[in-house]
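Just below is one structure, and these are the notes that go with it.
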Amino acid sequence: MSKESGDVKHAADQSERRRYIANRVIEAGEVSVEELAEFSGVSLMTVYRDIAALESAGVLHRHRGKVVAAASGLHEATARYRLQQEAAAKAQIARAVAPLIQPGSSVLLDDSTSSVWVLRELIEKAPLSVISNSLLVARELENDTRHSLLMLGGEYQPWAAATMGPMTIRDLDGIHADVCLISASGIRGETVYHPYADVAAVKQKMMEVSELTILLLDHTKFSRRAMYAFGKLSNVNVAVVDAKTRAEDIRQLESAGVEVLVAGV
């Protein structure tokens, strides 16, 4: 085999291996470097080079010793990774949302990490009835007996740390909540989107069974696109955005009839 043909074969193998690594991480949510080396049949050094290339391409991230999928229009990052992303913006939004929740309300929280930040602001309030499909929400309340917690059933999705699917939808059919706190992965026109169909279906049902829908959006969501629609901005009562949100994005929300609160201003 000539050096040229050998280099071509190596490049093809490398490209294929990196594609397999990316797919493996996206499917699993998070994977250790050692697992990826075993999966790929190459050395740790080679896998580290592959991961570095995929990081540069915006496909993967390294986080606390694990490799996780980066959020995109086709897939979402893991819940544990997202919980720490844009933390300052999410804390801003949470502080702005808390005064909107009346003591004694029934509050429906989706699997978004923005909802967890809001819950941390609400936890010292008078008792609330919290309803959620998120294990992260459950963990926030597991040692607090002041609030009631109703967990929605369904198929557990490790990447989201939440339940999804037809059983989750059926559980929501029997619920009426005062307030729904929900996030979107992307906005296009007057429609809100998420990369996964089963998550979008749960979010849509949560909006349907709630008296008031509050949409939580940090500024990064306006530059993202996702595949599955779960609602119209006209179905949203209030949108709470962070201080980095562009004026044109705020106008987009307001033109759809949404009341906008800019956190941190």
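Ligands are numbered from 1 in the order shown, residues from 1 within each chain, and chains are lettered A, B, ... in the order they appear in the structure tokens.
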
> What's the 10 Å shell around Tyr48 of chain A, counting only C-alpha atoms, without same-chain residues fewer than 5 positions away, as a PyMOL selection string?
Replying inline: chain A and resi 33-34+36-37+43+53-54

>> According to DSSP computed on the backbone, where in segment 126-206 of chain A is there strand (DSSP E or B)? Give the residues as a ChimeraX atom specification.
In response: /A:129-132,134,148-151,155-157,162-164,177-183,186-188,191-194

>> When you look at Ile169 of chain A with a cut-off of 10 Å (counting only C-alpha atoms), what residues show up, excluding the ones that are within fewer than 2 positions of it in the same chain? I need them as a PyMOL selection string.
In response: chain A and resi 152-154+164-167+171-174+198+201-206

Can I get the selected residues back with all heavy atoms, as a short mmCIF file (atom, residue, chain, number, x, y, z; two decimals), in the first residue's frame?
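Saved as part_28.cif:
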data_model
loop_
_atom_site.label_atom_id
_atom_site.label_comp_id
_atom_site.auth_asym_id
_atom_site.auth_seq_id
_atom_site.Cartn_x
_atom_site.Cartn_y
_atom_site.Cartn_z
N LEU A 152 -44.67 12.70 37.96
CA LEU A 152 -45.36 12.12 36.81
C LEU A 152 -44.66 10.83 36.38
O LEU A 152 -43.43 10.75 36.36
CB LEU A 152 -45.36 13.12 35.65
CG LEU A 152 -46.02 14.47 35.94
CD1 LEU A 152 -45.74 15.46 34.82
CD2 LEU A 152 -47.53 14.31 36.14
N GLY A 153 -45.45 9.84 36.02
CA GLY A 153 -44.88 8.57 35.57
C GLY A 153 -44.39 8.64 34.14
O GLY A 153 -44.46 9.67 33.47
N GLY A 154 -43.89 7.52 33.66
CA GLY A 154 -43.40 7.44 32.29
C GLY A 154 -42.09 6.72 32.20
O GLY A 154 -41.56 6.19 33.19
N MET A 164 -40.68 10.54 30.41
CA MET A 164 -41.28 10.99 29.15
C MET A 164 -42.21 9.89 28.64
O MET A 164 -42.24 8.78 29.17
CB MET A 164 -40.19 11.25 28.10
CG MET A 164 -39.14 12.24 28.49
SD MET A 164 -39.76 13.92 28.59
CE MET A 164 -38.29 14.74 29.26
N GLY A 165 -42.95 10.21 27.59
CA GLY A 165 -43.71 9.20 26.90
C GLY A 165 -45.21 9.23 27.17
O GLY A 165 -45.71 10.11 27.88
N PRO A 166 -45.95 8.25 26.62
CA PRO A 166 -47.42 8.22 26.73
C PRO A 166 -47.93 8.22 28.16
O PRO A 166 -48.96 8.84 28.46
CB PRO A 166 -47.80 6.93 26.00
CG PRO A 166 -46.66 6.67 25.06
CD PRO A 166 -45.44 7.16 25.76
N MET A 167 -47.25 7.51 29.07
CA MET A 167 -47.71 7.48 30.45
C MET A 167 -47.63 8.86 31.10
O MET A 167 -48.50 9.26 31.88
CB MET A 167 -46.90 6.47 31.27
CG MET A 167 -47.40 6.30 32.70
SD MET A 167 -46.44 5.09 33.64
CE MET A 167 -46.86 3.58 32.73
N ASP A 171 -50.81 10.91 32.69
CA ASP A 171 -50.81 11.49 34.03
C ASP A 171 -51.19 12.97 33.97
O ASP A 171 -51.93 13.46 34.83
CB ASP A 171 -49.44 11.33 34.68
CG ASP A 171 -49.20 9.94 35.23
OD1 ASP A 171 -50.13 9.09 35.14
OD2 ASP A 171 -48.10 9.68 35.75
N LEU A 172 -50.68 13.67 32.98
CA LEU A 172 -50.99 15.10 32.86
C LEU A 172 -52.46 15.35 32.52
O LEU A 172 -53.01 16.40 32.86
CB LEU A 172 -50.09 15.74 31.79
CG LEU A 172 -48.65 16.00 32.23
CD1 LEU A 172 -47.76 16.27 31.02
CD2 LEU A 172 -48.58 17.17 33.20
N ASP A 173 -53.09 14.38 31.84
CA ASP A 173 -54.51 14.52 31.50
C ASP A 173 -55.38 14.68 32.74
O ASP A 173 -56.46 15.27 32.68
CB ASP A 173 -54.99 13.32 30.69
CG ASP A 173 -54.76 13.51 29.19
OD1 ASP A 173 -54.83 14.67 28.73
OD2 ASP A 173 -54.51 12.50 28.50
N GLY A 174 -54.93 14.14 33.88
CA GLY A 174 -55.72 14.21 35.10
C GLY A 174 -55.33 15.36 36.01
O GLY A 174 -55.70 15.36 37.20
N ASP A 198 -40.63 13.42 21.98
CA ASP A 198 -41.31 13.03 23.21
C ASP A 198 -41.26 14.15 24.25
O ASP A 198 -42.24 14.35 24.99
CB ASP A 198 -40.72 11.72 23.78
CG ASP A 198 -39.21 11.76 23.95
OD1 ASP A 198 -38.57 12.73 23.51
OD2 ASP A 198 -38.67 10.80 24.54
N ALA A 201 -43.84 16.79 23.21
CA ALA A 201 -45.21 16.37 23.50
C ALA A 201 -45.56 16.61 24.96
O ALA A 201 -46.68 17.05 25.28
CB ALA A 201 -45.37 14.89 23.15
N VAL A 202 -44.62 16.35 25.86
CA VAL A 202 -44.87 16.58 27.29
C VAL A 202 -45.01 18.08 27.56
O VAL A 202 -45.92 18.51 28.29
CB VAL A 202 -43.74 15.97 28.14
CG1 VAL A 202 -43.86 16.42 29.60
CG2 VAL A 202 -43.78 14.45 28.06
N LYS A 203 -44.14 18.88 26.98
CA LYS A 203 -44.22 20.33 27.18
C LYS A 203 -45.55 20.88 26.66
O LYS A 203 -46.19 21.74 27.31
CB LYS A 203 -43.05 21.03 26.47
CG LYS A 203 -41.69 20.81 27.13
CD LYS A 203 -40.60 21.46 26.30
CE LYS A 203 -39.20 21.22 26.89
NZ LYS A 203 -38.93 22.08 28.05
N GLN A 204 -45.98 20.40 25.50
CA GLN A 204 -47.25 20.85 24.94
C GLN A 204 -48.41 20.53 25.87
O GLN A 204 -49.28 21.38 26.12
CB GLN A 204 -47.47 20.20 23.58
CG GLN A 204 -48.76 20.64 22.90
CD GLN A 204 -48.92 20.01 21.52
OE1 GLN A 204 -48.23 19.06 21.16
NE2 GLN A 204 -49.81 20.55 20.71
N LYS A 205 -48.42 19.32 26.42
CA LYS A 205 -49.50 18.92 27.32
C LYS A 205 -49.45 19.74 28.62
O LYS A 205 -50.49 20.12 29.16
CB LYS A 205 -49.40 17.43 27.63
CG LYS A 205 -50.44 16.90 28.61
CD LYS A 205 -51.86 17.17 28.16
CE LYS A 205 -52.26 16.30 26.98
NZ LYS A 205 -53.72 16.39 26.69
N MET A 206 -48.25 20.02 29.12
CA MET A 206 -48.14 20.84 30.33
C MET A 206 -48.75 22.21 30.14
O MET A 206 -49.43 22.74 31.03
CB MET A 206 -46.66 20.96 30.73
CG MET A 206 -46.07 19.71 31.34
SD MET A 206 -44.32 19.95 31.82
CE MET A 206 -44.04 18.48 32.80
#

>> Nearest residue to Gln102 of chain A out of A:Ser114, A:Ser129, A:Thr220, A:Thr145, using only C-alpha atoms?
In response: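 Smallest separation from Gln102 of chain A among the options: A:Ser129.
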
> Hey, what's within 10 Å of His176 of chain A if we count only C-alpha atoms and toss same-chain stuff fewer than 2 positions away? As a list in words, please?
Replying inline: Ser106, Val107, Leu108, Leu172, Asp173, Gly174, Asp178, Val179, Cys180, Met206, Glu208, Val209, Ser210 and Glu211 of chain A

Convert the current residue selection to file output with N, CA, C and O atoms, as an mmCIF file, in the first residue's frame.
data_model
loop_
_atom_site.group_PDB
_atom_site.id
_atom_site.type_symbol
_atom_site.label_atom_id
_atom_site.label_comp_id
_atom_site.auth_asym_id
_atom_site.auth_seq_id
_atom_site.Cartn_x
_atom_site.Cartn_y
_atom_site.Cartn_z
ATOM 1 N N SER A 106 -50.391 25.590 42.802
ATOM 2 C CA SER A 106 -49.914 24.337 42.208
ATOM 3 C C SER A 106 -49.039 24.716 41.025
ATOM 4 O O SER A 106 -49.464 25.453 40.130
ATOM 5 N N VAL A 107 -47.793 24.242 41.037
ATOM 6 C CA VAL A 107 -46.789 24.669 40.064
ATOM 7 C C VAL A 107 -46.287 23.450 39.295
ATOM 8 O O VAL A 107 -45.768 22.501 39.882
ATOM 9 N N LEU A 108 -46.442 23.492 38.000
ATOM 10 C CA LEU A 108 -46.016 22.400 37.118
ATOM 11 C C LEU A 108 -44.666 22.768 36.510
ATOM 12 O O LEU A 108 -44.532 23.795 35.847
ATOM 13 N N LEU A 172 -50.683 13.674 32.981
ATOM 14 C CA LEU A 172 -50.990 15.100 32.856
ATOM 15 C C LEU A 172 -52.460 15.345 32.517
ATOM 16 O O LEU A 172 -53.012 16.396 32.864
ATOM 17 N N ASP A 173 -53.092 14.383 31.837
ATOM 18 C CA ASP A 173 -54.511 14.524 31.501
ATOM 19 C C ASP A 173 -55.383 14.676 32.742
ATOM 20 O O ASP A 173 -56.464 15.266 32.680
ATOM 21 N N GLY A 174 -54.930 14.136 33.879
ATOM 22 C CA GLY A 174 -55.718 14.206 35.103
ATOM 23 C C GLY A 174 -55.330 15.355 36.014
ATOM 24 O O GLY A 174 -55.700 15.357 37.195
ATOM 25 N N ASP A 178 -52.062 25.632 38.496
ATOM 26 C CA ASP A 178 -52.197 27.091 38.449
ATOM 27 C C ASP A 178 -51.168 27.701 37.511
ATOM 28 O O ASP A 178 -51.481 28.596 36.732
ATOM 29 N N VAL A 179 -49.934 27.226 37.616
ATOM 30 C CA VAL A 179 -48.833 27.809 36.852
ATOM 31 C C VAL A 179 -47.977 26.702 36.247
ATOM 32 O O VAL A 179 -47.723 25.684 36.886
ATOM 33 N N CYS A 180 -47.544 26.921 35.019
ATOM 34 C CA CYS A 180 -46.596 26.026 34.361
ATOM 35 C C CYS A 180 -45.324 26.818 34.065
ATOM 36 O O CYS A 180 -45.389 27.893 33.461
ATOM 37 N N MET A 206 -48.255 20.019 29.122
ATOM 38 C CA MET A 206 -48.138 20.837 30.332
ATOM 39 C C MET A 206 -48.751 22.210 30.140
ATOM 40 O O MET A 206 -49.426 22.743 31.033
ATOM 41 N N GLU A 208 -51.156 22.918 28.073
ATOM 42 C CA GLU A 208 -52.609 22.746 27.926
ATOM 43 C C GLU A 208 -53.328 22.634 29.273
ATOM 44 O O GLU A 208 -54.463 23.094 29.406
ATOM 45 N N VAL A 209 -52.674 22.024 30.261
ATOM 46 C CA VAL A 209 -53.353 21.746 31.530
ATOM 47 C C VAL A 209 -53.078 22.810 32.586
ATOM 48 O O VAL A 209 -53.462 22.649 33.748
ATOM 49 N N SER A 210 -52.461 23.914 32.202
ATOM 50 C CA SER A 210 -52.105 24.955 33.167
ATOM 51 C C SER A 210 -52.886 26.235 32.902
ATOM 52 O O SER A 210 -53.167 26.593 31.758
ATOM 53 N N GLU A 211 -53.212 26.916 33.989
ATOM 54 C CA GLU A 211 -53.942 28.177 33.886
ATOM 55 C C GLU A 211 -53.045 29.282 33.334
ATOM 56 O O GLU A 211 -53.477 30.104 32.528
#

>> Could you check the closest approach to Met151 of chain A for each of A:Ala177, A:Ala87, A:Val137, A:Ile131 and tell me which residue wins, using only C-alpha atoms?
In response: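 Counting only C-alpha atoms, the residue closest to Met151 of chain A is A:Ile131.
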
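Each of A:Thr213, A:Thr168, A:Thr245, A:Ser112 was checked against Ala89 of chain A using only C-alpha atoms; the smallest atom-to-atom distance is that of A:Thr245.
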
Residues of segment 92-117 of chain A that have any atom at most 12 Å from an atom of segment 235-238 of chain A: could you tabulate them with the shortest-distance atom pair and the distance in Å to one decimal, using only C-alpha atoms, ordered by chain and increasing number, as JSON lines?
{"residue": "A:Ala96", "atom": "CA", "partner": "A:Val238", "partner_atom": "CA", "distance": 11.4}
{"residue": "A:Val97", "atom": "CA", "partner": "A:Val238", "partner_atom": "CA", "distance": 9.6}
{"residue": "A:Leu100", "atom": "CA", "partner": "A:Val238", "partner_atom": "CA", "distance": 9.7}

Write to file, as a tab-separated table (two decimals), in the first residue's frame, the residues of the selection just made, with N, CA, C and O atoms.
chain	number	residue	atom	x	y	z
A	96	ALA	N	-36.45	36.75	39.05
A	96	ALA	CA	-37.55	37.53	38.46
A	96	ALA	C	-38.86	36.76	38.47
A	96	ALA	O	-39.94	37.35	38.60
A	97	VAL	N	-38.79	35.44	38.33
A	97	VAL	CA	-40.00	34.61	38.28
A	97	VAL	C	-40.63	34.44	39.65
A	97	VAL	O	-41.87	34.44	39.79
A	100	LEU	N	-43.82	36.05	40.87
A	100	LEU	CA	-45.04	35.78	40.09
A	100	LEU	C	-45.82	34.58	40.64
A	100	LEU	O	-46.97	34.37	40.25

> For Gly104 of chain A, which residue among A:His63, A:Arg188, A:His147, A:Arg120 is the nearest when counting only C-alpha atoms?
Replying inline: A:His147

>> DSSP on the backbone: which residues in segment 43-153 of chain A end up as helix (DSSP H, G or I)? Give the answer as a PyMOL selection string.
In response: chain A and resi 44-56+79-84+87-100+113-122+135-141

>> Would you pick out the contacts of Ser223 of chain A at 10 Å or less, using only C-alpha atoms, so that residues sharing its chain but fewer than 2 positions from it are not included, and give the list as a list in words?
In response: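 Those residues are Ser185, Gly186, Ile187, Arg188, His219, Thr220, Lys221, Arg225 and Asp249 of chain A.
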